[in-house]
file protein_23.pdb (PDB, C-alpha atoms)
ATOM      1  CA  LYS A   1       8.300  19.278  22.042  1.00  0.00           C
ATOM      2  CA  ALA A   2       7.238  15.641  21.983  1.00  0.00           C
ATOM      3  CA  GLY A   3       6.786  14.072  18.563  1.00  0.00           C
ATOM      4  CA  VAL A   4       3.898  12.095  17.192  1.00  0.00           C
ATOM      5  CA  THR A   5       3.218   9.008  19.258  1.00  0.00           C
ATOM      6  CA  GLN A   6       1.463   5.869  18.139  1.00  0.00           C
ATOM      7  CA  THR A   7       0.243   2.948  20.168  1.00  0.00           C
ATOM      8  CA  PRO A   8       0.647   0.092  20.102  1.00  0.00           C
ATOM      9  CA  ARG A   9       3.879  -0.303  18.167  1.00  0.00           C
ATOM     10  CA  TYR A  10       3.201  -3.904  17.244  1.00  0.00           C
ATOM     11  CA  LEU A  11       0.033  -5.923  16.914  1.00  0.00           C
ATOM     12  CA  ILE A  12      -0.724  -9.471  15.895  1.00  0.00           C
ATOM     13  CA  LYS A  13      -4.297 -10.321  15.021  1.00  0.00           C
ATOM     14  CA  THR A  14      -6.108 -13.086  13.215  1.00  0.00           C
ATOM     15  CA  ARG A  15      -8.377 -12.810  10.214  1.00  0.00           C
ATOM     16  CA  GLY A  16     -11.827 -11.573  10.999  1.00  0.00           C
ATOM     17  CA  GLN A  17     -10.845  -9.683  14.112  1.00  0.00           C
ATOM     18  CA  GLN A  18     -10.912  -5.932  14.403  1.00  0.00           C
ATOM     19  CA  VAL A  19      -8.204  -3.580  15.577  1.00  0.00           C
ATOM     20  CA  THR A  20      -7.912  -0.009  16.859  1.00  0.00           C
ATOM     21  CA  LEU A  21      -4.773   2.044  16.495  1.00  0.00           C
ATOM     22  CA  SER A  22      -4.114   5.265  18.338  1.00  0.00           C
ATOM     23  CA  CYS A  23      -2.213   8.410  17.423  1.00  0.00           C
ATOM     24  CA  SER A  24      -1.348  11.475  19.485  1.00  0.00           C
ATOM     25  CA  PRO A  25      -0.203  14.415  17.372  1.00  0.00           C
ATOM     26  CA  ILE A  26       2.459  16.952  18.193  1.00  0.00           C
ATOM     27  CA  SER A  27       1.147  19.488  20.674  1.00  0.00           C
ATOM     28  CA  GLY A  28      -0.563  22.300  18.785  1.00  0.00           C
ATOM     29  CA  HIS A  29      -1.070  20.267  15.628  1.00  0.00           C
ATOM     30  CA  ARG A  30      -4.695  19.898  14.735  1.00  0.00           C
ATOM     31  CA  SER A  31      -4.592  17.756  11.632  1.00  0.00           C
ATOM     32  CA  VAL A  32      -3.943  14.035  11.657  1.00  0.00           C
ATOM     33  CA  SER A  33      -3.445  11.846   8.618  1.00  0.00           C
ATOM     34  CA  TRP A  34      -3.142   8.095   8.381  1.00  0.00           C
ATOM     35  CA  TYR A  35      -1.163   6.076   5.876  1.00  0.00           C
ATOM     36  CA  GLN A  36      -0.769   2.405   5.137  1.00  0.00           C
ATOM     37  CA  GLN A  37       2.645   1.240   4.012  1.00  0.00           C
ATOM     38  CA  THR A  38       3.244  -2.149   2.424  1.00  0.00           C
ATOM     39  CA  PRO A  39       6.168  -3.449   0.371  1.00  0.00           C
ATOM     40  CA  GLY A  40       3.968  -3.901  -2.663  1.00  0.00           C
ATOM     41  CA  GLN A  41       1.872  -0.721  -2.631  1.00  0.00           C
ATOM     42  CA  GLY A  42       4.180   1.701  -0.908  1.00  0.00           C
ATOM     43  CA  LEU A  43       2.698   4.587   1.052  1.00  0.00           C
ATOM     44  CA  GLN A  44      -1.028   4.936   0.599  1.00  0.00           C
ATOM     45  CA  PHE A  45      -3.165   7.666   2.072  1.00  0.00           C
ATOM     46  CA  LEU A  46      -6.030   6.447   4.236  1.00  0.00           C
ATOM     47  CA  PHE A  47      -7.713   9.580   5.603  1.00  0.00           C
ATOM     48  CA  GLU A  48      -7.200  12.942   7.206  1.00  0.00           C
ATOM     49  CA  TYR A  49      -8.955  14.479  10.179  1.00  0.00           C
ATOM     50  CA  PHE A  50      -9.250  18.039  11.387  1.00  0.00           C
ATOM     51  CA  SER A  51     -11.500  19.389  14.107  1.00  0.00           C
ATOM     52  CA  GLU A  52     -13.001  15.950  14.608  1.00  0.00           C
ATOM     53  CA  THR A  53     -14.080  15.819  10.963  1.00  0.00           C
ATOM     54  CA  GLN A  54     -12.805  13.628   8.193  1.00  0.00           C
ATOM     55  CA  ARG A  55     -11.658  15.978   5.445  1.00  0.00           C
ATOM     56  CA  ASN A  56     -10.119  13.595   2.951  1.00  0.00           C
ATOM     57  CA  LYS A  57     -10.294   9.902   2.347  1.00  0.00           C
ATOM     58  CA  GLY A  58      -8.155   7.605   0.260  1.00  0.00           C
ATOM     59  CA  ASN A  59      -9.291   4.655  -1.765  1.00  0.00           C
ATOM     60  CA  PHE A  60      -9.808   2.082   0.952  1.00  0.00           C
ATOM     61  CA  PRO A  61     -12.849  -0.054   1.759  1.00  0.00           C
ATOM     62  CA  GLY A  62     -15.295   0.897   4.453  1.00  0.00           C
ATOM     63  CA  ARG A  63     -13.662  -1.571   6.845  1.00  0.00           C
ATOM     64  CA  PHE A  64     -11.145   1.196   7.460  1.00  0.00           C
ATOM     65  CA  SER A  65     -12.495   4.001   9.585  1.00  0.00           C
ATOM     66  CA  GLY A  66     -11.206   6.631  11.907  1.00  0.00           C
ATOM     67  CA  ARG A  67     -12.095   9.414  14.211  1.00  0.00           C
ATOM     68  CA  GLN A  68     -10.561  12.372  15.912  1.00  0.00           C
ATOM     69  CA  PHE A  69     -11.196  13.619  19.392  1.00  0.00           C
ATOM     70  CA  SER A  70     -11.463  17.173  20.669  1.00  0.00           C
ATOM     71  CA  ASN A  71      -7.847  17.042  21.874  1.00  0.00           C
ATOM     72  CA  SER A  72      -6.771  16.161  18.283  1.00  0.00           C
ATOM     73  CA  ARG A  73      -5.851  12.605  19.183  1.00  0.00           C
ATOM     74  CA  SER A  74      -6.989  10.173  16.552  1.00  0.00           C
ATOM     75  CA  GLU A  75      -7.847   6.533  16.264  1.00  0.00           C
ATOM     76  CA  MET A  76      -8.244   4.320  13.262  1.00  0.00           C
ATOM     77  CA  ASN A  77     -10.155   1.096  13.211  1.00  0.00           C
ATOM     78  CA  VAL A  78      -9.994  -1.820  10.849  1.00  0.00           C
ATOM     79  CA  SER A  79     -12.809  -4.325  11.064  1.00  0.00           C
ATOM     80  CA  THR A  80     -12.946  -7.861   9.709  1.00  0.00           C
ATOM     81  CA  LEU A  81      -9.221  -8.048   9.214  1.00  0.00           C
ATOM     82  CA  GLU A  82      -7.812  -9.666   6.108  1.00  0.00           C
ATOM     83  CA  LEU A  83      -4.332 -11.018   5.487  1.00  0.00           C
ATOM     84  CA  GLY A  84      -3.705  -8.132   3.113  1.00  0.00           C
ATOM     85  CA  ASP A  85      -4.178  -5.635   5.925  1.00  0.00           C
ATOM     86  CA  SER A  86      -0.787  -6.603   7.318  1.00  0.00           C
ATOM     87  CA  ALA A  87       1.193  -3.386   7.047  1.00  0.00           C
ATOM     88  CA  LEU A  88       2.894  -0.539   8.801  1.00  0.00           C
ATOM     89  CA  TYR A  89       0.291   2.086   9.691  1.00  0.00           C
ATOM     90  CA  LEU A  90       1.723   5.538   9.968  1.00  0.00           C
ATOM     91  CA  CYS A  91       0.146   8.557  11.537  1.00  0.00           C
ATOM     92  CA  ALA A  92       1.232  12.082  10.656  1.00  0.00           C
ATOM     93  CA  SER A  93       0.304  15.395  12.184  1.00  0.00           C
ATOM     94  CA  SER A  94       0.436  18.900  10.830  1.00  0.00           C
ATOM     95  CA  ILE A  95      -0.606  22.297  12.082  1.00  0.00           C
ATOM     96  CA  TRP A  96      -3.350  22.843   9.538  1.00  0.00           C
ATOM     97  CA  PRO A  97      -5.066  20.468   7.205  1.00  0.00           C
ATOM     98  CA  GLY A  98      -4.660  20.323   3.512  1.00  0.00           C
ATOM     99  CA  GLY A  99      -2.276  23.200   3.187  1.00  0.00           C
ATOM    100  CA  MET A 100      -0.042  22.790   0.188  1.00  0.00           C
ATOM    101  CA  SER A 101       2.961  23.932   2.173  1.00  0.00           C
ATOM    102  CA  ASP A 102       2.084  22.155   5.359  1.00  0.00           C
ATOM    103  CA  THR A 103       4.719  19.732   6.551  1.00  0.00           C
ATOM    104  CA  GLN A 104       3.568  16.432   7.970  1.00  0.00           C
ATOM    105  CA  TYR A 105       5.452  14.922  10.868  1.00  0.00           C
ATOM    106  CA  PHE A 106       5.239  11.204  11.307  1.00  0.00           C
ATOM    107  CA  GLY A 107       5.021   8.849  14.225  1.00  0.00           C
ATOM    108  CA  PRO A 108       6.958   5.582  14.520  1.00  0.00           C
ATOM    109  CA  GLY A 109       4.075   3.575  13.148  1.00  0.00           C
ATOM    110  CA  THR A 110       2.135   0.531  14.244  1.00  0.00           C
ATOM    111  CA  ARG A 111       3.156  -2.708  12.598  1.00  0.00           C
ATOM    112  CA  LEU A 112       0.079  -4.868  12.192  1.00  0.00           C
ATOM    113  CA  THR A 113       0.407  -8.538  11.351  1.00  0.00           C
ATOM    114  CA  VAL A 114      -2.714 -10.470  10.417  1.00  0.00           C
ATOM    115  CA  LEU A 115      -2.459 -14.256  10.669  1.00  0.00           C
TER     116      LEU A 115
ATOM    117  CA  ALA B 116      -2.005  14.224 -13.207  1.00  0.00           C
ATOM    118  CA  GLN B 117       0.478  14.449 -10.417  1.00  0.00           C
ATOM    119  CA  LYS B 118       3.212  11.901 -10.160  1.00  0.00           C
ATOM    120  CA  VAL B 119       6.526  11.425  -8.407  1.00  0.00           C
ATOM    121  CA  THR B 120       9.087   9.038  -9.845  1.00  0.00           C
ATOM    122  CA  GLN B 121      12.069   7.711  -7.978  1.00  0.00           C
ATOM    123  CA  ALA B 122      13.607   5.492 -10.594  1.00  0.00           C
ATOM    124  CA  GLN B 123      16.344   4.131  -8.351  1.00  0.00           C
ATOM    125  CA  THR B 124      14.862   1.298  -6.356  1.00  0.00           C
ATOM    126  CA  GLU B 125      18.050   0.549  -4.460  1.00  0.00           C
ATOM    127  CA  ILE B 126      21.485   2.077  -4.311  1.00  0.00           C
ATOM    128  CA  SER B 127      24.480   0.544  -2.587  1.00  0.00           C
ATOM    129  CA  VAL B 128      27.698   2.460  -1.966  1.00  0.00           C
ATOM    130  CA  VAL B 129      30.702   2.188   0.252  1.00  0.00           C
ATOM    131  CA  GLU B 130      30.983   4.556   3.185  1.00  0.00           C
ATOM    132  CA  LYS B 131      32.456   7.987   2.396  1.00  0.00           C
ATOM    133  CA  GLU B 132      31.262   7.894  -1.198  1.00  0.00           C
ATOM    134  CA  ASP B 133      28.934  10.616  -2.427  1.00  0.00           C
ATOM    135  CA  VAL B 134      25.516   9.466  -3.563  1.00  0.00           C
ATOM    136  CA  THR B 135      22.663  11.185  -5.385  1.00  0.00           C
ATOM    137  CA  LEU B 136      19.046  10.136  -5.149  1.00  0.00           C
ATOM    138  CA  ASP B 137      16.888  11.179  -8.066  1.00  0.00           C
ATOM    139  CA  CYS B 138      13.358  12.511  -7.928  1.00  0.00           C
ATOM    140  CA  VAL B 139      11.316  13.539 -10.955  1.00  0.00           C
ATOM    141  CA  TYR B 140       7.835  14.960 -10.558  1.00  0.00           C
ATOM    142  CA  GLU B 141       4.850  15.851 -12.700  1.00  0.00           C
ATOM    143  CA  THR B 142       2.277  18.510 -11.959  1.00  0.00           C
ATOM    144  CA  ARG B 143       0.276  21.031 -13.947  1.00  0.00           C
ATOM    145  CA  ASP B 144       0.400  23.578 -11.156  1.00  0.00           C
ATOM    146  CA  THR B 145       2.825  26.463 -11.071  1.00  0.00           C
ATOM    147  CA  THR B 146       2.735  26.549  -7.289  1.00  0.00           C
ATOM    148  CA  TYR B 147       3.655  23.375  -5.511  1.00  0.00           C
ATOM    149  CA  TYR B 148       5.892  22.029  -2.792  1.00  0.00           C
ATOM    150  CA  LEU B 149       8.397  19.211  -2.779  1.00  0.00           C
ATOM    151  CA  PHE B 150       9.533  17.204   0.195  1.00  0.00           C
ATOM    152  CA  TRP B 151      12.129  14.628   1.101  1.00  0.00           C
ATOM    153  CA  TYR B 152      11.683  12.186   3.941  1.00  0.00           C
ATOM    154  CA  LYS B 153      13.989   9.548   5.358  1.00  0.00           C
ATOM    155  CA  GLN B 154      12.722   6.240   6.715  1.00  0.00           C
ATOM    156  CA  PRO B 155      15.325   4.370   8.762  1.00  0.00           C
ATOM    157  CA  PRO B 156      14.801   0.708   9.659  1.00  0.00           C
ATOM    158  CA  SER B 157      12.888   1.785  12.759  1.00  0.00           C
ATOM    159  CA  GLY B 158      10.048   2.822  10.448  1.00  0.00           C
ATOM    160  CA  GLU B 159       9.439   6.439  11.351  1.00  0.00           C
ATOM    161  CA  LEU B 160       9.395   8.862   8.437  1.00  0.00           C
ATOM    162  CA  VAL B 161      11.697  11.741   9.212  1.00  0.00           C
ATOM    163  CA  PHE B 162      11.148  15.074   7.474  1.00  0.00           C
ATOM    164  CA  LEU B 163      14.289  16.370   5.771  1.00  0.00           C
ATOM    165  CA  ILE B 164      13.357  19.318   3.594  1.00  0.00           C
ATOM    166  CA  ARG B 165      10.519  21.263   2.006  1.00  0.00           C
ATOM    167  CA  ARG B 166      10.993  23.395  -1.085  1.00  0.00           C
ATOM    168  CA  ASN B 167       8.445  25.563  -2.892  1.00  0.00           C
ATOM    169  CA  SER B 168       8.268  25.850  -6.645  1.00  0.00           C
ATOM    170  CA  PHE B 169       9.432  29.456  -6.690  1.00  0.00           C
ATOM    171  CA  ASP B 170      12.651  28.832  -4.868  1.00  0.00           C
ATOM    172  CA  GLU B 171      15.175  27.171  -7.126  1.00  0.00           C
ATOM    173  CA  GLN B 172      18.148  27.871  -4.928  1.00  0.00           C
ATOM    174  CA  ASN B 173      20.069  24.802  -3.977  1.00  0.00           C
ATOM    175  CA  GLU B 174      19.967  23.923  -0.317  1.00  0.00           C
ATOM    176  CA  ILE B 175      22.808  22.548   1.747  1.00  0.00           C
ATOM    177  CA  SER B 176      22.522  21.194   5.246  1.00  0.00           C
ATOM    178  CA  GLY B 177      25.691  19.606   6.496  1.00  0.00           C
ATOM    179  CA  ARG B 178      26.410  16.598   4.318  1.00  0.00           C
ATOM    180  CA  TYR B 179      23.003  16.854   2.650  1.00  0.00           C
ATOM    181  CA  SER B 180      22.255  18.985  -0.385  1.00  0.00           C
ATOM    182  CA  TRP B 181      19.307  19.348  -2.684  1.00  0.00           C
ATOM    183  CA  ASN B 182      19.242  20.403  -6.318  1.00  0.00           C
ATOM    184  CA  PHE B 183      15.891  21.693  -7.553  1.00  0.00           C
ATOM    185  CA  GLN B 184      15.564  22.217 -11.306  1.00  0.00           C
ATOM    186  CA  LYS B 185      12.154  23.221 -12.628  1.00  0.00           C
ATOM    187  CA  SER B 186      13.350  22.922 -16.208  1.00  0.00           C
ATOM    188  CA  THR B 187      13.750  19.185 -15.783  1.00  0.00           C
ATOM    189  CA  SER B 188      11.113  18.771 -13.029  1.00  0.00           C
ATOM    190  CA  SER B 189      13.676  17.252 -10.756  1.00  0.00           C
ATOM    191  CA  PHE B 190      14.485  17.604  -7.074  1.00  0.00           C
ATOM    192  CA  ASN B 191      17.561  15.514  -6.458  1.00  0.00           C
ATOM    193  CA  PHE B 192      19.157  14.777  -3.111  1.00  0.00           C
ATOM    194  CA  THR B 193      22.876  14.297  -2.604  1.00  0.00           C
ATOM    195  CA  ILE B 194      24.622  12.904   0.429  1.00  0.00           C
ATOM    196  CA  THR B 195      28.284  13.791   0.597  1.00  0.00           C
ATOM    197  CA  ALA B 196      30.746  11.495   2.367  1.00  0.00           C
ATOM    198  CA  SER B 197      28.041   8.975   3.152  1.00  0.00           C
ATOM    199  CA  GLN B 198      27.944   7.209   6.498  1.00  0.00           C
ATOM    200  CA  VAL B 199      26.467   3.909   7.592  1.00  0.00           C
ATOM    201  CA  VAL B 200      23.802   5.817   9.550  1.00  0.00           C
ATOM    202  CA  ASP B 201      22.533   7.229   6.270  1.00  0.00           C
ATOM    203  CA  SER B 202      21.241   3.778   5.354  1.00  0.00           C
ATOM    204  CA  ALA B 203      17.494   4.129   4.993  1.00  0.00           C
ATOM    205  CA  VAL B 204      14.689   4.422   2.484  1.00  0.00           C
ATOM    206  CA  TYR B 205      14.340   7.926   1.141  1.00  0.00           C
ATOM    207  CA  PHE B 206      11.052   9.257  -0.174  1.00  0.00           C
ATOM    208  CA  CYS B 207      10.347  12.250  -2.350  1.00  0.00           C
ATOM    209  CA  ALA B 208       6.842  13.736  -2.245  1.00  0.00           C
ATOM    210  CA  LEU B 209       4.848  16.443  -4.030  1.00  0.00           C
ATOM    211  CA  SER B 210       2.076  18.663  -2.720  1.00  0.00           C
ATOM    212  CA  ASP B 211       0.084  20.848  -5.114  1.00  0.00           C
ATOM    213  CA  SER B 212      -3.398  22.288  -5.418  1.00  0.00           C
ATOM    214  CA  ASN B 213      -4.936  18.918  -4.664  1.00  0.00           C
ATOM    215  CA  TYR B 214      -3.527  19.327  -1.154  1.00  0.00           C
ATOM    216  CA  GLN B 215      -2.535  15.710  -0.813  1.00  0.00           C
ATOM    217  CA  LEU B 216       0.970  14.424  -0.681  1.00  0.00           C
ATOM    218  CA  ILE B 217       1.890  12.349  -3.704  1.00  0.00           C
ATOM    219  CA  TRP B 218       4.671   9.972  -2.805  1.00  0.00           C
ATOM    220  CA  GLY B 219       7.415   8.392  -4.822  1.00  0.00           C
ATOM    221  CA  ALA B 220       8.092   4.700  -4.395  1.00  0.00           C
ATOM    222  CA  GLY B 221      11.216   5.379  -2.381  1.00  0.00           C
ATOM    223  CA  THR B 222      14.895   4.608  -2.875  1.00  0.00           C
ATOM    224  CA  LYS B 223      16.570   2.188  -0.526  1.00  0.00           C
ATOM    225  CA  LEU B 224      20.064   3.408   0.239  1.00  0.00           C
ATOM    226  CA  ILE B 225      22.602   0.953   1.602  1.00  0.00           C
ATOM    227  CA  ILE B 226      25.876   2.284   2.916  1.00  0.00           C
ATOM    228  CA  LYS B 227      28.463  -0.416   3.397  1.00  0.00           C
ATOM    229  CA  PRO B 228      31.227   0.101   5.959  1.00  0.00           C
TER     230      PRO B 228
END
call {"tool": "encode", "arguments": {"input": "protein_23.pdb", "output": "structure tokens"}}
result
Amino acid sequence: KAGVTQTPRYLIKTRGQQVTLSCSPISGHRSVSWYQQTPGQGLQFLFEYFSETQRNKGNFPGRFSGRQFSNSRSEMNVSTLELGDSALYLCASSIWPGGMSDTQYFGPGTRLTVL
Amino acid sequence: AQKVTQAQTEISVVEKEDVTLDCVYETRDTTYYLFWYKQPPSGELVFLIRRNSFDEQNEISGRYSWNFQKSTSSFNFTITASQVVDSAVYFCALSDSNYQLIWGAGTKLIIKP
């Protein structure tokens, strides 16, 4: 079974631009979560989607948004990029959302650099 | 409040040495799950193990073993006869009734040849 895929793997943008990242979950997984990872803040939860609905959201400004499609694929968008948005963005999929025992499986990440 | 502490920021050992990565957690729940993930330089987080709070049996998988002790709220991870390929950042995480993964800061493990 194919793992979680994320595109693109690398992105370079300038301040003020916007960016869209894509994530395809493992086949049969219906929940997708997004994380931001930086050296200073570690892994931070952005949001989780299930059945095209955002179920949980982390403490990030409204510039960060996402959506999920009917095939469970998900995109996240960051508008008006800031230097501090430079990070590795990780997508994870799981079978069901929010289950305490549910294991999340991660993609390779998209490394975003904002200049 | 929930919290996961990985006090070891970085560990460096020579190949073939055994190494233990510590994880201490805090939760008020009696039912919870603990996870370990490995993040190699490529960046992808790789799932290693999941353990529920009612199963205190130690787990062994090849050179990897996990020691879960509720009495000390610890879920430590040992690599026996370490190899260079084990070099990575290792994360411990907790999932309880809040249904969100709480992550430790990670331990960077360097295995020198």
call {"tool": "closest_atom_pairs", "arguments": {"input": "protein_23.pdb", "of": "stretch 69-89 of chain A", "to": "stretch 149-167 of chain B", "cutoff": "12 Å", "atoms": "only C-alpha atoms", "output": "Markdown table"}}
result
| residue | atom | partner | partner_atom | distance |
| --- | --- | --- | --- | --- |
| A:Ala87 | CA | B:Gly158 | CA | 11.3 |
| A:Leu88 | CA | B:Gly158 | CA | 8.1 |
| A:Tyr89 | CA | B:Gly158 | CA | 9.8 |
call {"tool": "closest_atom_pairs", "arguments": {"input": "protein_23.pdb", "of": "chain A", "to": "chain B", "cutoff": "8 Å", "atoms": "all atoms listed in the file", "output": "JSON lines"}}
result
{"residue": "A:Gly42", "atom": "CA", "partner": "B:Ala220", "partner_atom": "CA", "distance": 6.0}
{"residue": "A:Leu43", "atom": "CA", "partner": "B:Trp218", "partner_atom": "CA", "distance": 6.9}
{"residue": "A:Leu90", "atom": "CA", "partner": "B:Glu159", "partner_atom": "CA", "distance": 7.9}
{"residue": "A:Gly98", "atom": "CA", "partner": "B:Tyr214", "partner_atom": "CA", "distance": 4.9}
{"residue": "A:Gly99", "atom": "CA", "partner": "B:Tyr214", "partner_atom": "CA", "distance": 6.0}
{"residue": "A:Met100", "atom": "CA", "partner": "B:Tyr214", "partner_atom": "CA", "distance": 5.1}
{"residue": "A:Ser101", "atom": "CA", "partner": "B:Tyr148", "partner_atom": "CA", "distance": 6.1}
{"residue": "A:Thr103", "atom": "CA", "partner": "B:Arg165", "partner_atom": "CA", "distance": 7.5}
{"residue": "A:Gln104", "atom": "CA", "partner": "B:Phe162", "partner_atom": "CA", "distance": 7.7}
{"residue": "A:Tyr105", "atom": "CA", "partner": "B:Phe162", "partner_atom": "CA", "distance": 6.6}
{"residue": "A:Phe106", "atom": "CA", "partner": "B:Leu160", "partner_atom": "CA", "distance": 5.6}
{"residue": "A:Gly107", "atom": "CA", "partner": "B:Glu159", "partner_atom": "CA", "distance": 5.8}
{"residue": "A:Pro108", "atom": "CA", "partner": "B:Glu159", "partner_atom": "CA", "distance": 4.1}
{"residue": "A:Gly109", "atom": "CA", "partner": "B:Glu159", "partner_atom": "CA", "distance": 6.3}
call {"tool": "residues_near_point", "arguments": {"input": "protein_23.pdb", "point": "(12.5, 9.1, -4.0)", "cutoff": "9 Å", "atoms": "all atoms listed in the file", "output": "short mmCIF file (atom, residue, chain, number, x, y, z; two decimals) with C-alpha atoms, in the frame of the given file"}}
result
data_model
loop_
_atom_site.label_atom_id
_atom_site.label_comp_id
_atom_site.auth_asym_id
_atom_site.auth_seq_id
_atom_site.Cartn_x
_atom_site.Cartn_y
_atom_site.Cartn_z
CA VAL B 119 6.53 11.42 -8.41
CA THR B 120 9.09 9.04 -9.85
CA GLN B 121 12.07 7.71 -7.98
CA ALA B 122 13.61 5.49 -10.59
CA GLN B 123 16.34 4.13 -8.35
CA THR B 124 14.86 1.30 -6.36
CA LEU B 136 19.05 10.14 -5.15
CA ASP B 137 16.89 11.18 -8.07
CA CYS B 138 13.36 12.51 -7.93
CA VAL B 139 11.32 13.54 -10.96
CA TRP B 151 12.13 14.63 1.10
CA TYR B 152 11.68 12.19 3.94
CA ASN B 191 17.56 15.51 -6.46
CA PHE B 192 19.16 14.78 -3.11
CA VAL B 204 14.69 4.42 2.48
CA TYR B 205 14.34 7.93 1.14
CA PHE B 206 11.05 9.26 -0.17
CA CYS B 207 10.35 12.25 -2.35
CA ALA B 208 6.84 13.74 -2.24
CA TRP B 218 4.67 9.97 -2.80
CA GLY B 219 7.42 8.39 -4.82
CA ALA B 220 8.09 4.70 -4.39
CA GLY B 221 11.22 5.38 -2.38
CA THR B 222 14.90 4.61 -2.88
CA LYS B 223 16.57 2.19 -0.53
#
call {"tool": "atom_distance", "arguments": {"input": "protein_23.pdb", "atom1": "atom CA of B:Asp133", "atom2": "atom CA of B:Ile194"}}
result
5.7 Å
call {"tool": "resolve_selection", "arguments": {"input": "protein_23.pdb", "expression": "the PyMOL selection byres ((chain A and resi 13-29) around 10)", "output": "PyMOL selection string"}}
result
chain A and resi 1-12+30-34+50+63-68+71-86+89-97+104-107+109-110+112-115
call {"tool": "resolve_selection", "arguments": {"input": "protein_23.pdb", "expression": "the PyMOL selection byres ((chain B and resi 173) around 10)", "output": "PyMOL selection string"}}
result
chain B and resi 166+170-172+174-175+180-184+190-191
call {"tool": "write_last_selection", "arguments": {"input": "protein_23.pdb", "atoms": "C-alpha atoms", "output": "short mmCIF file (atom, residue, chain, number, x, y, z; two decimals), in the frame of the given file"}}
result
data_model
loop_
_atom_site.label_atom_id
_atom_site.label_comp_id
_atom_site.auth_asym_id
_atom_site.auth_seq_id
_atom_site.Cartn_x
_atom_site.Cartn_y
_atom_site.Cartn_z
CA ARG B 166 10.99 23.40 -1.08
CA ASP B 170 12.65 28.83 -4.87
CA GLU B 171 15.18 27.17 -7.13
CA GLN B 172 18.15 27.87 -4.93
CA GLU B 174 19.97 23.92 -0.32
CA ILE B 175 22.81 22.55 1.75
CA SER B 180 22.26 18.98 -0.38
CA TRP B 181 19.31 19.35 -2.68
CA ASN B 182 19.24 20.40 -6.32
CA PHE B 183 15.89 21.69 -7.55
CA GLN B 184 15.56 22.22 -11.31
CA PHE B 190 14.48 17.60 -7.07
CA ASN B 191 17.56 15.51 -6.46
#
call {"tool": "atom_distance", "arguments": {"input": "protein_23.pdb", "atom1": "atom CA of A:Gly62", "atom2": "atom CA of A:Phe47"}}
result
11.6 Å
call {"tool": "residues_around", "arguments": {"input": "protein_23.pdb", "residues": "B:Lys227", "least_positions_apart": "2", "cutoff": "7 Å", "atoms": "all atoms listed in the file", "output": "VMD selection string"}}
result
chain B and resid 128 to 130 199 225
call {"tool": "atom_distance", "arguments": {"input": "protein_23.pdb", "atom1": "atom CA of B:Phe169", "atom2": "atom CA of B:Lys118"}}
result
18.9 Å
call {"tool": "resolve_selection", "arguments": {"input": "protein_23.pdb", "expression": "the PyMOL selection byres ((chain B and resi 143) around 8)", "output": "compact mmCIF listing (two decimals) with C-alpha atoms, in the frame of the given file"}}
result
# COMPACT_ATOMS: atom_id res chain seq x y z
CA ALA B 116 -2.00 14.22 -13.21
CA GLN B 117 0.48 14.45 -10.42
CA GLU B 141 4.85 15.85 -12.70
CA THR B 142 2.28 18.51 -11.96
CA ASP B 144 0.40 23.58 -11.16
CA THR B 145 2.82 26.46 -11.07
call {"tool": "closest_residue", "arguments": {"input": "protein_23.pdb", "among": "B:Thr135, B:Thr195, B:Arg178, B:Ser189", "to": "B:Leu224", "atoms": "only C-alpha atoms"}}
result
B:Thr135
